>>> print(open('structure.cif').read())   # mmCIF, C-alpha atoms
data_entry
#
loop_
_atom_site.label_atom_id
_atom_site.label_comp_id
_atom_site.auth_asym_id
_atom_site.auth_seq_id
_atom_site.Cartn_x
_atom_site.Cartn_y
_atom_site.Cartn_z
CA MET A 19 91.63 80.48 88.66
CA ALA A 20 87.89 79.70 88.57
CA ASN A 21 84.92 81.16 90.43
CA VAL A 22 82.01 78.74 90.72
CA VAL A 23 78.46 79.26 91.99
CA ILE A 24 76.51 76.31 93.42
CA VAL A 25 72.70 76.62 93.42
CA GLY A 26 69.80 74.36 94.24
CA ALA A 27 67.96 73.62 90.98
CA GLN A 28 64.68 72.49 92.59
CA TRP A 29 62.84 73.51 95.79
CA GLY A 30 65.87 73.08 98.03
CA ASP A 31 67.25 70.11 100.00
CA GLU A 32 69.03 68.80 96.90
CA GLY A 33 72.25 67.87 98.70
CA LYS A 34 74.15 71.12 98.15
CA GLY A 35 76.17 70.67 101.33
CA LYS A 36 77.83 67.50 100.11
CA VAL A 37 78.55 68.88 96.64
CA VAL A 38 80.00 72.08 98.10
CA ASP A 39 82.13 69.94 100.41
CA ILE A 40 83.46 68.00 97.40
CA TYR A 41 84.23 71.14 95.38
CA THR A 42 85.83 72.84 98.39
CA GLU A 43 88.89 70.65 97.80
CA ASN A 44 89.59 72.91 94.79
CA ALA A 45 88.60 76.23 96.38
CA ASN A 46 90.58 78.75 98.40
CA ALA A 47 87.45 80.52 99.66
CA VAL A 48 83.88 79.33 100.23
CA VAL A 49 81.14 81.97 100.43
CA ARG A 50 77.54 81.82 101.63
CA TYR A 51 75.58 84.59 99.88
CA GLN A 52 71.89 84.47 100.91
CA GLY A 53 69.32 82.99 103.29
CA GLY A 54 69.60 82.36 106.98
CA ASN A 55 69.34 79.46 109.37
CA ASN A 56 66.16 78.33 107.62
CA ALA A 57 68.55 76.34 105.45
CA GLY A 58 70.48 73.30 106.62
CA HIS A 59 73.37 71.52 104.90
CA THR A 60 74.12 67.97 106.04
CA LEU A 61 77.66 66.69 105.51
CA VAL A 62 79.00 63.21 106.24
CA VAL A 63 82.76 62.87 106.74
CA GLY A 64 83.67 59.26 107.45
CA ASN A 65 80.86 58.19 109.76
CA GLU A 66 80.42 61.62 111.35
CA LYS A 67 77.46 63.76 110.35
CA THR A 68 77.62 67.56 110.64
CA VAL A 69 74.65 69.85 110.01
CA LEU A 70 75.47 73.48 109.19
CA HIS A 71 72.85 76.22 109.04
CA LEU A 72 74.88 79.42 108.61
CA ILE A 73 78.59 78.71 108.39
CA PRO A 74 79.85 77.72 104.90
CA SER A 75 80.52 74.02 104.39
CA GLY A 76 84.19 74.77 103.70
CA ILE A 77 84.72 75.12 107.45
CA LEU A 78 85.33 71.35 107.58
CA HIS A 79 88.54 71.90 105.58
CA GLU A 80 91.64 73.46 107.15
CA GLY A 81 93.07 76.56 105.54
CA LYS A 82 89.93 77.53 103.58
CA LYS A 83 88.56 81.05 103.91
CA CYS A 84 84.89 80.83 104.90
CA ILE A 85 82.84 83.93 104.25
CA ILE A 86 79.28 84.94 105.13
CA GLY A 87 78.24 87.60 102.64
CA ASN A 88 76.03 90.64 103.08
CA GLY A 89 73.04 88.86 101.50
CA VAL A 90 72.70 86.52 104.49
CA VAL A 91 70.53 87.25 107.53
CA LEU A 92 72.16 86.00 110.71
CA ASP A 93 70.79 84.73 114.01
CA PRO A 94 73.67 85.37 116.46
CA LYS A 95 72.55 82.69 118.92
CA VAL A 96 72.45 80.00 116.22
CA PHE A 97 75.77 81.18 114.77
CA ILE A 98 77.57 81.06 118.12
CA HIS A 99 76.12 77.62 118.91
CA GLU A 100 77.31 76.37 115.51
CA ILE A 101 80.84 77.60 116.23
CA GLU A 102 80.83 75.87 119.63
CA GLU A 103 79.72 72.57 118.09
CA LEU A 104 82.36 72.79 115.35
CA LYS A 105 85.10 73.44 117.89
CA LYS A 106 83.98 70.42 119.93
CA LYS A 107 84.57 68.31 116.82
CA GLY A 108 88.05 69.76 116.32
CA TYR A 109 87.25 72.26 113.56
CA MET A 110 87.92 76.03 113.45
CA LYS A 111 91.29 75.91 115.17
CA ASP A 112 92.10 79.13 113.31
CA GLU A 113 89.29 81.63 113.94
CA SER A 114 90.59 83.97 111.23
CA GLN A 115 89.32 81.32 108.80
CA LEU A 116 85.80 82.75 109.20
CA VAL A 117 84.64 86.24 108.16
CA ILE A 118 81.15 87.81 108.34
CA ASP A 119 80.36 90.85 106.25
CA ARG A 120 79.74 93.99 108.29
CA ASN A 121 76.48 94.57 106.36
CA VAL A 122 74.86 91.25 107.28
CA HIS A 123 71.40 91.89 108.78
CA ILE A 124 70.71 90.51 112.24
CA ILE A 125 67.66 88.38 113.08
CA MET A 126 66.06 89.86 116.20
CA PRO A 127 63.68 88.20 118.70
CA TYR A 128 60.75 90.21 117.34
CA HIS A 129 61.41 88.87 113.84
CA LYS A 130 61.00 85.29 115.09
CA ALA A 131 57.95 86.17 117.17
CA ILE A 132 56.23 87.87 114.22
CA ASP A 133 57.12 85.01 111.88
CA ILE A 134 55.58 82.37 114.17
CA ALA A 135 52.52 84.46 115.07
CA ARG A 136 51.71 85.12 111.41
CA GLU A 137 51.84 81.42 110.55
CA ASN A 138 49.57 80.59 113.49
CA LYS A 139 47.07 83.42 112.98
CA PRO A 140 43.58 82.00 112.29
CA GLY A 141 42.39 82.62 108.76
CA GLU A 142 45.83 83.55 107.45
CA ARG A 143 47.23 81.77 104.39
CA ARG A 144 50.08 79.55 105.51
CA ILE A 145 53.34 79.86 103.59
CA GLY A 146 55.06 77.08 105.52
CA THR A 147 57.96 79.12 106.90
CA THR A 148 60.43 77.62 109.36
CA GLY A 149 59.53 80.26 111.97
CA ARG A 150 63.17 81.37 112.17
CA GLY A 151 62.38 85.06 111.51
CA ILE A 152 64.01 85.08 108.07
CA GLY A 153 61.18 86.76 106.14
CA PRO A 154 60.55 89.56 108.67
CA THR A 155 64.30 90.30 108.78
CA TYR A 156 64.43 90.71 104.99
CA GLU A 157 61.30 92.89 105.19
CA ASP A 158 63.11 95.22 107.57
CA LYS A 159 66.21 95.18 105.38
CA VAL A 160 64.23 96.35 102.35
CA GLY A 161 62.19 98.75 104.51
CA ARG A 162 65.42 100.29 105.85
CA ARG A 163 64.54 99.36 109.42
CA GLY A 164 67.16 96.65 109.77
CA ILE A 165 69.94 96.20 112.30
CA ARG A 166 73.22 95.18 110.72
CA LEU A 167 76.28 93.54 112.25
CA SER A 168 78.12 96.87 112.25
CA ASP A 169 75.27 98.25 114.40
CA LEU A 170 75.22 95.29 116.76
CA VAL A 171 78.93 95.55 117.64
CA ASN A 172 78.46 99.22 118.60
CA PRO A 173 76.39 99.17 121.84
CA HIS A 174 75.38 102.84 121.58
CA VAL A 175 74.16 102.57 117.98
CA PHE A 176 72.43 99.26 118.69
CA ALA A 177 70.54 100.64 121.70
CA GLN A 178 69.50 103.69 119.70
CA LYS A 179 68.14 101.66 116.79
CA LEU A 180 66.38 99.17 119.04
CA LYS A 181 64.62 102.00 120.90
CA GLU A 182 63.46 103.38 117.54
CA PHE A 183 62.27 100.11 115.98
CA LEU A 184 60.90 98.02 118.86
CA PRO A 185 57.70 100.02 119.61
CA GLU A 186 56.37 99.35 116.09
CA LYS A 187 57.17 95.64 116.39
CA ASN A 188 55.43 95.36 119.75
CA PHE A 189 52.42 97.24 118.34
CA ILE A 190 52.18 94.62 115.56
CA LEU A 191 52.66 91.73 117.99
CA GLU A 192 50.09 92.96 120.50
CA GLY A 193 47.58 94.88 118.43
CA PHE A 194 47.35 92.77 115.29
CA LEU A 195 48.82 89.35 116.02
CA LYS A 196 47.52 89.20 119.61
CA ASP A 197 50.85 88.02 120.93
CA THR A 198 53.17 88.96 123.77
CA PRO A 199 55.36 92.09 123.46
CA ILE A 200 59.14 91.82 123.83
CA ASP A 201 61.09 93.64 126.53
CA GLU A 202 63.72 96.10 125.30
CA GLN A 203 66.16 95.50 128.18
CA ASP A 204 66.02 91.73 127.71
CA ILE A 205 67.08 92.16 124.08
CA LEU A 206 69.88 94.56 125.01
CA ASP A 207 71.26 92.22 127.66
CA GLU A 208 71.24 89.21 125.34
CA TYR A 209 72.35 90.83 122.08
CA ASN A 210 75.13 93.01 123.51
CA SER A 211 76.82 89.78 124.61
CA TYR A 212 76.43 88.43 121.07
CA GLY A 213 77.99 91.57 119.64
CA GLU A 214 81.09 91.03 121.79
CA VAL A 215 81.57 87.57 120.26
CA LEU A 216 80.74 88.47 116.66
CA LYS A 217 82.89 91.57 116.29
CA LYS A 218 86.10 89.54 115.91
CA TYR A 219 84.66 87.90 112.78
CA MET A 220 83.47 91.11 111.09
CA GLY A 221 85.02 92.24 107.83
CA ASN A 222 84.49 93.62 104.32
CA THR A 223 83.79 90.51 102.25
CA SER A 224 83.54 92.31 98.92
CA LEU A 225 87.07 93.63 99.36
CA LEU A 226 88.29 90.25 100.62
CA LEU A 227 86.85 88.41 97.62
CA ASP A 228 88.32 90.91 95.19
CA THR A 229 91.73 90.31 96.78
CA CYS A 230 91.23 86.56 96.32
CA ARG A 231 90.37 87.13 92.66
CA LYS A 232 93.40 89.30 92.05
CA ASN A 233 95.57 86.62 93.67
CA ASP A 234 94.17 84.03 91.21
CA GLU A 235 92.48 82.06 94.00
CA ASN A 236 89.48 79.80 93.38
CA ILE A 237 86.22 80.96 94.95
CA LEU A 238 83.17 78.77 95.57
CA PHE A 239 79.81 80.49 96.15
CA GLU A 240 77.35 78.43 98.18
CA GLY A 241 73.63 79.10 97.81
CA ALA A 242 70.89 78.03 100.19
CA GLN A 243 67.36 76.77 99.40
CA GLY A 244 66.51 76.22 95.72
CA SER A 245 65.91 78.20 92.53
CA LEU A 246 62.14 77.63 92.63
CA LEU A 247 62.05 79.34 96.03
CA ASP A 248 63.58 82.56 94.68
CA VAL A 249 61.56 85.59 95.80
CA ASP A 250 61.30 86.85 92.20
CA HIS A 251 61.56 83.72 90.07
CA GLY A 252 60.04 81.04 92.28
CA THR A 253 56.51 79.83 93.00
CA TYR A 254 55.48 83.10 94.64
CA PRO A 255 54.16 83.57 97.33
CA TYR A 256 55.37 80.13 98.43
CA VAL A 257 59.00 81.18 98.30
CA THR A 258 61.81 82.29 100.57
CA SER A 259 62.64 85.98 101.02
CA SER A 260 65.94 86.24 99.15
CA SER A 261 67.47 85.77 95.70
CA THR A 262 68.35 82.08 95.59
CA ILE A 263 69.38 82.02 91.92
CA ALA A 264 72.95 82.56 90.76
CA GLY A 265 72.52 86.32 90.39
CA GLY A 266 72.21 86.48 94.17
CA ALA A 267 75.86 85.49 94.44
CA SER A 268 76.83 88.94 93.15
CA THR A 269 74.30 91.02 95.08
CA GLY A 270 74.86 88.97 98.23
CA THR A 271 78.64 89.41 98.29
CA GLY A 272 79.61 92.44 96.24
CA PHE A 273 81.47 90.23 93.74
CA GLY A 274 80.98 91.32 90.13
CA PRO A 275 79.03 88.91 87.87
CA ARG A 276 81.65 89.26 85.12
CA PHE A 277 84.08 87.32 87.33
CA ILE A 278 81.88 84.21 87.70
CA ASN A 279 83.01 81.33 85.46
CA GLU A 280 80.63 78.43 86.15
CA VAL A 281 77.18 77.85 87.68
CA ILE A 282 76.43 74.30 88.79
CA GLY A 283 72.86 73.32 89.65
CA ILE A 284 72.21 70.59 92.21
CA SER A 285 69.22 68.35 91.53
CA LYS A 286 67.98 65.15 93.07
CA ALA A 287 67.20 62.24 90.77
CA TYR A 288 63.61 62.87 91.89
CA VAL A 289 62.06 65.98 93.54
CA THR A 290 61.17 67.02 97.08
CA ARG A 291 59.57 70.07 98.60
CA VAL A 292 59.08 71.28 102.19
CA GLY A 293 56.25 73.61 103.19
CA GLU A 294 53.25 74.81 101.28
CA GLY A 295 52.90 75.56 97.56
CA PRO A 296 52.14 73.85 94.24
CA PHE A 297 54.11 70.71 93.36
CA PRO A 298 52.93 69.14 90.05
CA THR A 299 54.75 65.78 90.32
CA GLU A 300 53.99 65.22 94.02
CA LEU A 301 53.28 61.59 94.92
CA LEU A 302 50.64 61.18 97.62
CA ASP A 303 50.64 57.40 97.41
CA GLU A 304 52.77 54.45 98.50
CA MET A 305 55.49 55.41 95.99
CA GLY A 306 55.83 58.87 97.56
CA GLU A 307 56.26 57.30 100.98
CA ARG A 308 58.73 54.81 99.56
CA LEU A 309 60.91 57.60 98.19
CA ARG A 310 60.65 59.50 101.48
CA LYS A 311 61.84 56.52 103.52
CA ALA A 312 64.54 55.43 101.09
CA GLY A 313 65.89 58.97 100.80
CA SER A 314 65.49 59.87 104.51
CA GLU A 315 63.53 62.90 103.38
CA PHE A 316 63.18 64.91 106.58
CA GLY A 317 64.32 68.53 106.89
CA ALA A 318 67.82 69.14 108.30
CA THR A 319 66.58 72.33 109.96
CA THR A 320 63.02 71.47 111.02
CA GLY A 321 62.78 67.69 110.83
CA ARG A 322 59.59 68.10 108.77
CA PRO A 323 58.77 65.24 106.35
CA ARG A 324 59.48 66.38 102.80
CA ARG A 325 56.91 66.03 100.06
CA THR A 326 58.23 63.75 97.31
CA GLY A 327 57.65 63.42 93.56
CA TRP A 328 59.10 62.29 90.26
CA PHE A 329 61.80 64.29 88.46
CA ASP A 330 60.31 67.45 86.92
CA ALA A 331 62.14 68.53 83.75
CA VAL A 332 59.82 71.51 83.21
CA ALA A 333 60.87 73.00 86.55
CA LEU A 334 64.50 72.08 85.93
CA ARG A 335 64.56 73.82 82.55
CA GLU A 336 63.39 76.96 84.35
CA ALA A 337 66.35 76.66 86.71
CA VAL A 338 68.75 76.10 83.80
CA ARG A 339 67.60 79.35 82.18
CA THR A 340 67.31 81.64 85.21
CA ASN A 341 70.68 80.56 86.62
CA GLY A 342 72.56 80.12 83.35
CA LEU A 343 73.55 76.63 84.50
CA SER A 344 76.69 75.18 82.94
CA GLY A 345 76.33 71.79 84.60
CA LEU A 346 74.08 69.56 86.71
CA ALA A 347 75.05 67.59 89.79
CA ILE A 348 72.53 64.76 90.24
CA THR A 349 72.20 63.50 93.81
CA LYS A 350 70.47 60.52 95.46
CA LEU A 351 70.59 58.29 92.39
CA ASP A 352 70.85 55.38 94.83
CA VAL A 353 67.35 56.07 96.18
CA LEU A 354 65.88 54.90 92.86
CA SER A 355 67.92 51.67 92.81
CA GLU A 356 65.15 49.20 93.62
CA LEU A 357 62.57 50.61 91.22
CA GLU A 358 61.66 48.61 88.12
CA SER A 359 60.51 51.73 86.29
CA ILE A 360 60.95 55.49 86.82
CA LYS A 361 58.76 58.33 85.63
CA VAL A 362 60.06 61.66 84.37
CA CYS A 363 57.81 64.68 83.86
CA THR A 364 58.56 66.31 80.49
CA ALA A 365 55.60 68.72 80.23
CA TYR A 366 52.42 69.84 82.02
CA SER A 367 48.80 69.56 80.99
CA TYR A 368 46.74 72.61 81.93
CA HIS A 369 43.04 72.50 81.07
CA GLY A 370 43.85 70.50 77.94
CA GLU A 371 46.77 72.72 76.91
CA LEU A 372 50.30 71.27 76.79
CA LEU A 373 52.83 73.45 78.65
CA GLU A 374 56.54 72.86 78.12
CA GLU A 375 57.64 75.99 80.01
CA PHE A 376 57.20 76.58 83.71
CA PRO A 377 54.21 78.85 84.56
CA HIS A 378 55.05 81.54 87.11
CA ASP A 379 51.47 81.90 88.33
CA ALA A 380 51.04 79.65 91.38
CA ASN A 381 47.30 79.47 90.69
CA VAL A 382 48.03 78.01 87.25
CA LEU A 383 50.78 75.72 88.50
CA LYS A 384 48.59 74.11 91.16
CA GLU A 385 46.17 73.00 88.42
CA CYS A 386 48.89 71.59 86.15
CA LYS A 387 49.05 67.83 85.70
CA PRO A 388 52.36 66.16 84.89
CA VAL A 389 52.91 64.55 81.49
CA TYR A 390 55.21 61.60 82.08
CA GLU A 391 57.65 59.50 80.13
CA GLU A 392 58.52 56.17 81.70
CA VAL A 393 62.06 54.80 81.68
CA ASP A 394 63.52 51.51 82.91
CA GLY A 395 64.93 51.32 86.41
CA TRP A 396 68.19 49.47 87.03
CA GLY A 397 67.04 47.32 89.93
CA CYS A 398 70.41 46.97 91.67
CA ASP A 399 72.49 48.63 94.36
CA ILE A 400 74.85 51.32 93.00
CA CYS A 401 76.16 52.71 96.32
CA SER A 402 79.64 51.25 95.78
CA VAL A 403 80.13 52.69 92.28
CA THR A 404 83.19 54.94 92.11
CA GLU A 405 83.60 55.45 88.34
CA PHE A 406 81.06 56.37 85.67
CA ASP A 407 81.95 53.29 83.60
CA GLN A 408 80.91 51.08 86.54
CA PHE A 409 77.29 52.25 86.30
CA PRO A 410 74.77 49.78 84.82
CA GLN A 411 73.75 50.90 81.33
CA LYS A 412 70.27 51.84 82.56
CA VAL A 413 71.76 54.35 85.02
CA LYS A 414 73.76 55.88 82.17
CA ASP A 415 70.58 55.97 80.08
CA TYR A 416 68.70 57.75 82.87
CA LEU A 417 71.40 60.41 83.23
CA LYS A 418 71.50 60.87 79.45
CA LYS A 419 67.71 61.29 79.47
CA LEU A 420 67.97 64.02 82.11
CA GLU A 421 70.60 65.81 80.03
CA GLU A 422 68.45 65.67 76.91
CA ILE A 423 65.22 66.95 78.48
CA THR A 424 66.86 69.71 80.53
CA GLY A 425 69.43 70.85 77.97
CA CYS A 426 72.22 70.79 80.55
CA PRO A 427 75.13 68.33 80.91
CA VAL A 428 75.55 66.19 84.02
CA VAL A 429 78.93 66.91 85.65
CA LEU A 430 78.54 64.96 88.90
CA ALA A 431 76.49 62.03 90.20
CA SER A 432 76.05 61.10 93.86
CA VAL A 433 75.17 57.57 95.01
CA GLY A 434 75.22 58.08 98.79
CA PRO A 435 75.82 60.64 101.55
CA ARG A 436 79.58 60.12 101.97
CA ARG A 437 82.30 62.04 100.13
CA ASP A 438 83.59 58.85 98.50
CA GLN A 439 80.14 58.08 97.06
CA THR A 440 80.56 60.72 94.37
CA ILE A 441 81.38 60.38 90.67
CA GLN A 442 82.72 63.49 88.96
CA LEU A 443 82.35 63.61 85.18
CA ARG A 444 83.83 67.11 84.91
CA ASN A 445 85.39 69.35 87.55
CA PRO A 446 84.22 72.99 87.10
CA PHE A 447 87.45 74.22 88.65
CA SER A 448 89.57 72.46 86.03
CA LYS A 449 89.94 75.11 83.37
#
>>> encode(input="structure.cif", output="structure tokens")
Amino acid sequence: MANVVIVGAQWGDEGKGKVVDIYTENANAVVRYQGGNNAGHTLVVGNEKTVLHLIPSGILHEGKKCIIGNGVVLDPKVFIHEIEELKKKGYMKDESQLVIDRNVHIIMPYHKAIDIARENKPGERRIGTTGRGIGPTYEDKVGRRGIRLSDLVNPHVFAQKLKEFLPEKNFILEGFLKDTPIDEQDILDEYNSYGEVLKKYMGNTSLLLDTCRKNDENILFEGAQGSLLDVDHGTYPYVTSSSTIAGGASTGTGFGPRFINEVIGISKAYVTRVGEGPFPTELLDEMGERLRKAGSEFGATTGRPRRTGWFDAVALREAVRTNGLSGLAITKLDVLSELESIKVCTAYSYHGELLEEFPHDANVLKECKPVYEEVDGWGCDICSVTEFDQFPQKVKDYLKKLEEITGCPVVLASVGPRRDQTIQLRNPFSK
């Protein structure tokens, strides 16, 4: 038995969906523990691409338990649409395969309206949110004004809570954000129908996961976004609203941290970021555009072009420490194939001072300049490589360099979007 947590080790979009899909072969249960439909995982099976926003990637495998933990915030409309699309493709023949925790918080129409209005308000500092209502939903969760799945499936309780909470939301929308108020009856009509669909998936995921553990089953915990977007440990305030680091796997599911065996961090062979916020190695030149085009760097959820930059070992070392990473999965190595030389950031320069540790102050970080080491590129296509020994020596040297400067071993390398374009150096489930 092994319980493995998968986290993004950068600013998200590292290719977690594919890696989770690979590791699901060894898992009995796959669990999503934080975030909402602001995250998107793209999986390619054969020539078919599937984008998942809420449902764990394990849903593409028959017989795997797929669990949405209490740390997730859920948009019922998006969730139901995702189920419909999966069924069209022949997945989810057994609906008992999927369980949502009863304590999941529900994204309401006013959450989305407030999210969008805040981003568009003149004079306001833009965070670069997806406008999906994620942040406002977590605000209400912490403020004890949230509506949970167990409330939604009970029409009387739901109507009571909506009547209590909606006037304040409409006051904010109208009075402060100068936007349109939302009608209570419209919400009731729409969301009561959602409750009817969702109630068959509701369960106690903490209890379910503990049963899996006691039965010596393998559990895979699937994070969303990246470690540097963690609400506490990321580049605040340019972060998401949940705990994206490995510790969130326990708080977001009710699974004790003592039972977690491995934490694998997913990192691109370079770095990308979506939205606002400091990004020391960002490339605003032809090379940045070259990486964007070669890596198809456009958001799975929003379609927004991603900002691109060289690999940042300072940021990665932060992720190694805060997550307790036991291994790195390096994705998109193939994107660097045609480059004659590759830069790697090993430290920052801040007003003449050399920084080797990641500064948590966004005001400091935005003034940091990368200190680079240059390594040789390999200048050839590696997409057909299936074994580590088949890599050109310069690819092996690059991976070894990443291990040395981050202090974490590489356990997987990806050379393309398909399942078969993956080289495993060590399987975290093989104990």
>>> resolve_selection(input="structure.cif", expression="the PyMOL selection byres ((chain A and resi 206-211) around 12)", output="ChimeraX atom specification")
/A:93-95,98,124-127,165,167,169-181,184,200-205,212-217
>>> resolve_selection(input="structure.cif", expression="the PyMOL selection byres ((chain A and resi 436) around 12)", output="number ranges by chain")
A: 33, 35-37, 39-40, 60-68, 349-350, 401-402, 404, 432-435, 437-441
>>> closest_residue(input="structure.cif", among="A:Tyr128, A:Tyr219, A:Lys83, A:Asn188", to="A:Ile101", atoms="all atoms listed in the file")
A:Tyr219
>>> residues_around(input="structure.cif", residues="stretch 411-420 of chain A", least_positions_apart="3", cutoff="10 Å", atoms="only C-alpha atoms", output="ChimeraX atom specification")
/A:287,329-331,334,346,348,351-352,354-355,360,362,364,393-397,400,406-408,423-428,431
>>> write_last_selection(input="structure.cif", atoms="C-alpha atoms", output="JSON list (two decimals), keeping the file's coordinate frame")
[["chain", "number", "residue", "atom", "x", "y", "z"],
["A", 287, "ALA", "CA", 67.20, 62.24, 90.77],
["A", 329, "PHE", "CA", 61.80, 64.29, 88.46],
["A", 330, "ASP", "CA", 60.31, 67.45, 86.92],
["A", 331, "ALA", "CA", 62.14, 68.53, 83.75],
["A", 334, "LEU", "CA", 64.50, 72.08, 85.93],
["A", 346, "LEU", "CA", 74.08, 69.56, 86.71],
["A", 348, "ILE", "CA", 72.53, 64.76, 90.24],
["A", 351, "LEU", "CA", 70.59, 58.29, 92.39],
["A", 352, "ASP", "CA", 70.85, 55.38, 94.83],
["A", 354, "LEU", "CA", 65.88, 54.90, 92.86],
["A", 355, "SER", "CA", 67.92, 51.67, 92.81],
["A", 360, "ILE", "CA", 60.95, 55.49, 86.82],
["A", 362, "VAL", "CA", 60.06, 61.66, 84.37],
["A", 364, "THR", "CA", 58.56, 66.31, 80.49],
["A", 393, "VAL", "CA", 62.06, 54.80, 81.68],
["A", 394, "ASP", "CA", 63.52, 51.51, 82.91],
["A", 395, "GLY", "CA", 64.93, 51.32, 86.41],
["A", 396, "TRP", "CA", 68.19, 49.47, 87.03],
["A", 397, "GLY", "CA", 67.04, 47.32, 89.93],
["A", 400, "ILE", "CA", 74.85, 51.32, 93.00],
["A", 406, "PHE", "CA", 81.06, 56.37, 85.67],
["A", 407, "ASP", "CA", 81.95, 53.29, 83.60],
["A", 408, "GLN", "CA", 80.91, 51.08, 86.54],
["A", 423, "ILE", "CA", 65.22, 66.95, 78.48],
["A", 424, "THR", "CA", 66.86, 69.71, 80.53],
["A", 425, "GLY", "CA", 69.43, 70.85, 77.97],
["A", 426, "CYS", "CA", 72.22, 70.79, 80.55],
["A", 427, "PRO", "CA", 75.13, 68.33, 80.91],
["A", 428, "VAL", "CA", 75.55, 66.19, 84.02],
["A", 431, "ALA", "CA", 76.49, 62.03, 90.20]]
>>> closest_residue(input="structure.cif", among="A:Arg310, A:Lys187, A:Arg324, A:Lys82", to="A:Val49", atoms="only C-alpha atoms")
A:Lys82
>>> build_atoms(input="structure.cif", residues="stretch 192-206 of chain A", atoms="N, CA and C atoms", output="mmCIF file, in the coordinates of the input")
data_model
loop_
_atom_site.group_PDB
_atom_site.id
_atom_site.type_symbol
_atom_site.label_atom_id
_atom_site.label_comp_id
_atom_site.auth_asym_id
_atom_site.auth_seq_id
_atom_site.Cartn_x
_atom_site.Cartn_y
_atom_site.Cartn_z
ATOM 1 N N GLU A 192 51.224 92.871 119.581
ATOM 2 C CA GLU A 192 50.090 92.960 120.500
ATOM 3 C C GLU A 192 48.778 93.291 119.787
ATOM 4 N N GLY A 193 48.815 94.355 118.989
ATOM 5 C CA GLY A 193 47.580 94.880 118.430
ATOM 6 C C GLY A 193 46.999 94.069 117.303
ATOM 7 N N PHE A 194 47.858 93.497 116.459
ATOM 8 C CA PHE A 194 47.350 92.770 115.290
ATOM 9 C C PHE A 194 47.456 91.261 115.440
ATOM 10 N N LEU A 195 48.597 90.794 115.934
ATOM 11 C CA LEU A 195 48.820 89.350 116.020
ATOM 12 C C LEU A 195 48.411 88.762 117.366
ATOM 13 N N LYS A 196 48.010 89.632 118.303
ATOM 14 C CA LYS A 196 47.520 89.200 119.610
ATOM 15 C C LYS A 196 48.537 88.309 120.330
ATOM 16 N N ASP A 197 49.769 88.763 120.300
ATOM 17 C CA ASP A 197 50.850 88.020 120.930
ATOM 18 C C ASP A 197 51.518 88.874 121.995
ATOM 19 N N THR A 198 52.507 88.295 122.645
ATOM 20 C CA THR A 198 53.170 88.960 123.770
ATOM 21 C C THR A 198 54.245 89.929 123.283
ATOM 22 N N PRO A 199 54.298 91.153 123.836
ATOM 23 C CA PRO A 199 55.360 92.090 123.460
ATOM 24 C C PRO A 199 56.711 91.634 124.001
ATOM 25 N N ILE A 200 57.780 92.208 123.447
ATOM 26 C CA ILE A 200 59.140 91.820 123.830
ATOM 27 C C ILE A 200 59.799 92.967 124.578
ATOM 28 N N ASP A 201 60.472 92.630 125.652
ATOM 29 C CA ASP A 201 61.090 93.640 126.530
ATOM 30 C C ASP A 201 62.399 94.153 125.934
ATOM 31 N N GLU A 202 62.540 95.471 125.896
ATOM 32 C CA GLU A 202 63.720 96.100 125.300
ATOM 33 C C GLU A 202 64.998 95.734 126.050
ATOM 34 N N GLN A 203 64.956 95.778 127.387
ATOM 35 C CA GLN A 203 66.160 95.500 128.180
ATOM 36 C C GLN A 203 66.609 94.050 128.017
ATOM 37 N N ASP A 204 65.654 93.139 127.905
ATOM 38 C CA ASP A 204 66.020 91.730 127.710
ATOM 39 C C ASP A 204 66.811 91.552 126.406
ATOM 40 N N ILE A 205 66.362 92.251 125.355
ATOM 41 C CA ILE A 205 67.080 92.160 124.080
ATOM 42 C C ILE A 205 68.475 92.751 124.214
ATOM 43 N N LEU A 206 68.577 93.921 124.844
ATOM 44 C CA LEU A 206 69.880 94.560 125.010
ATOM 45 C C LEU A 206 70.856 93.670 125.759
#
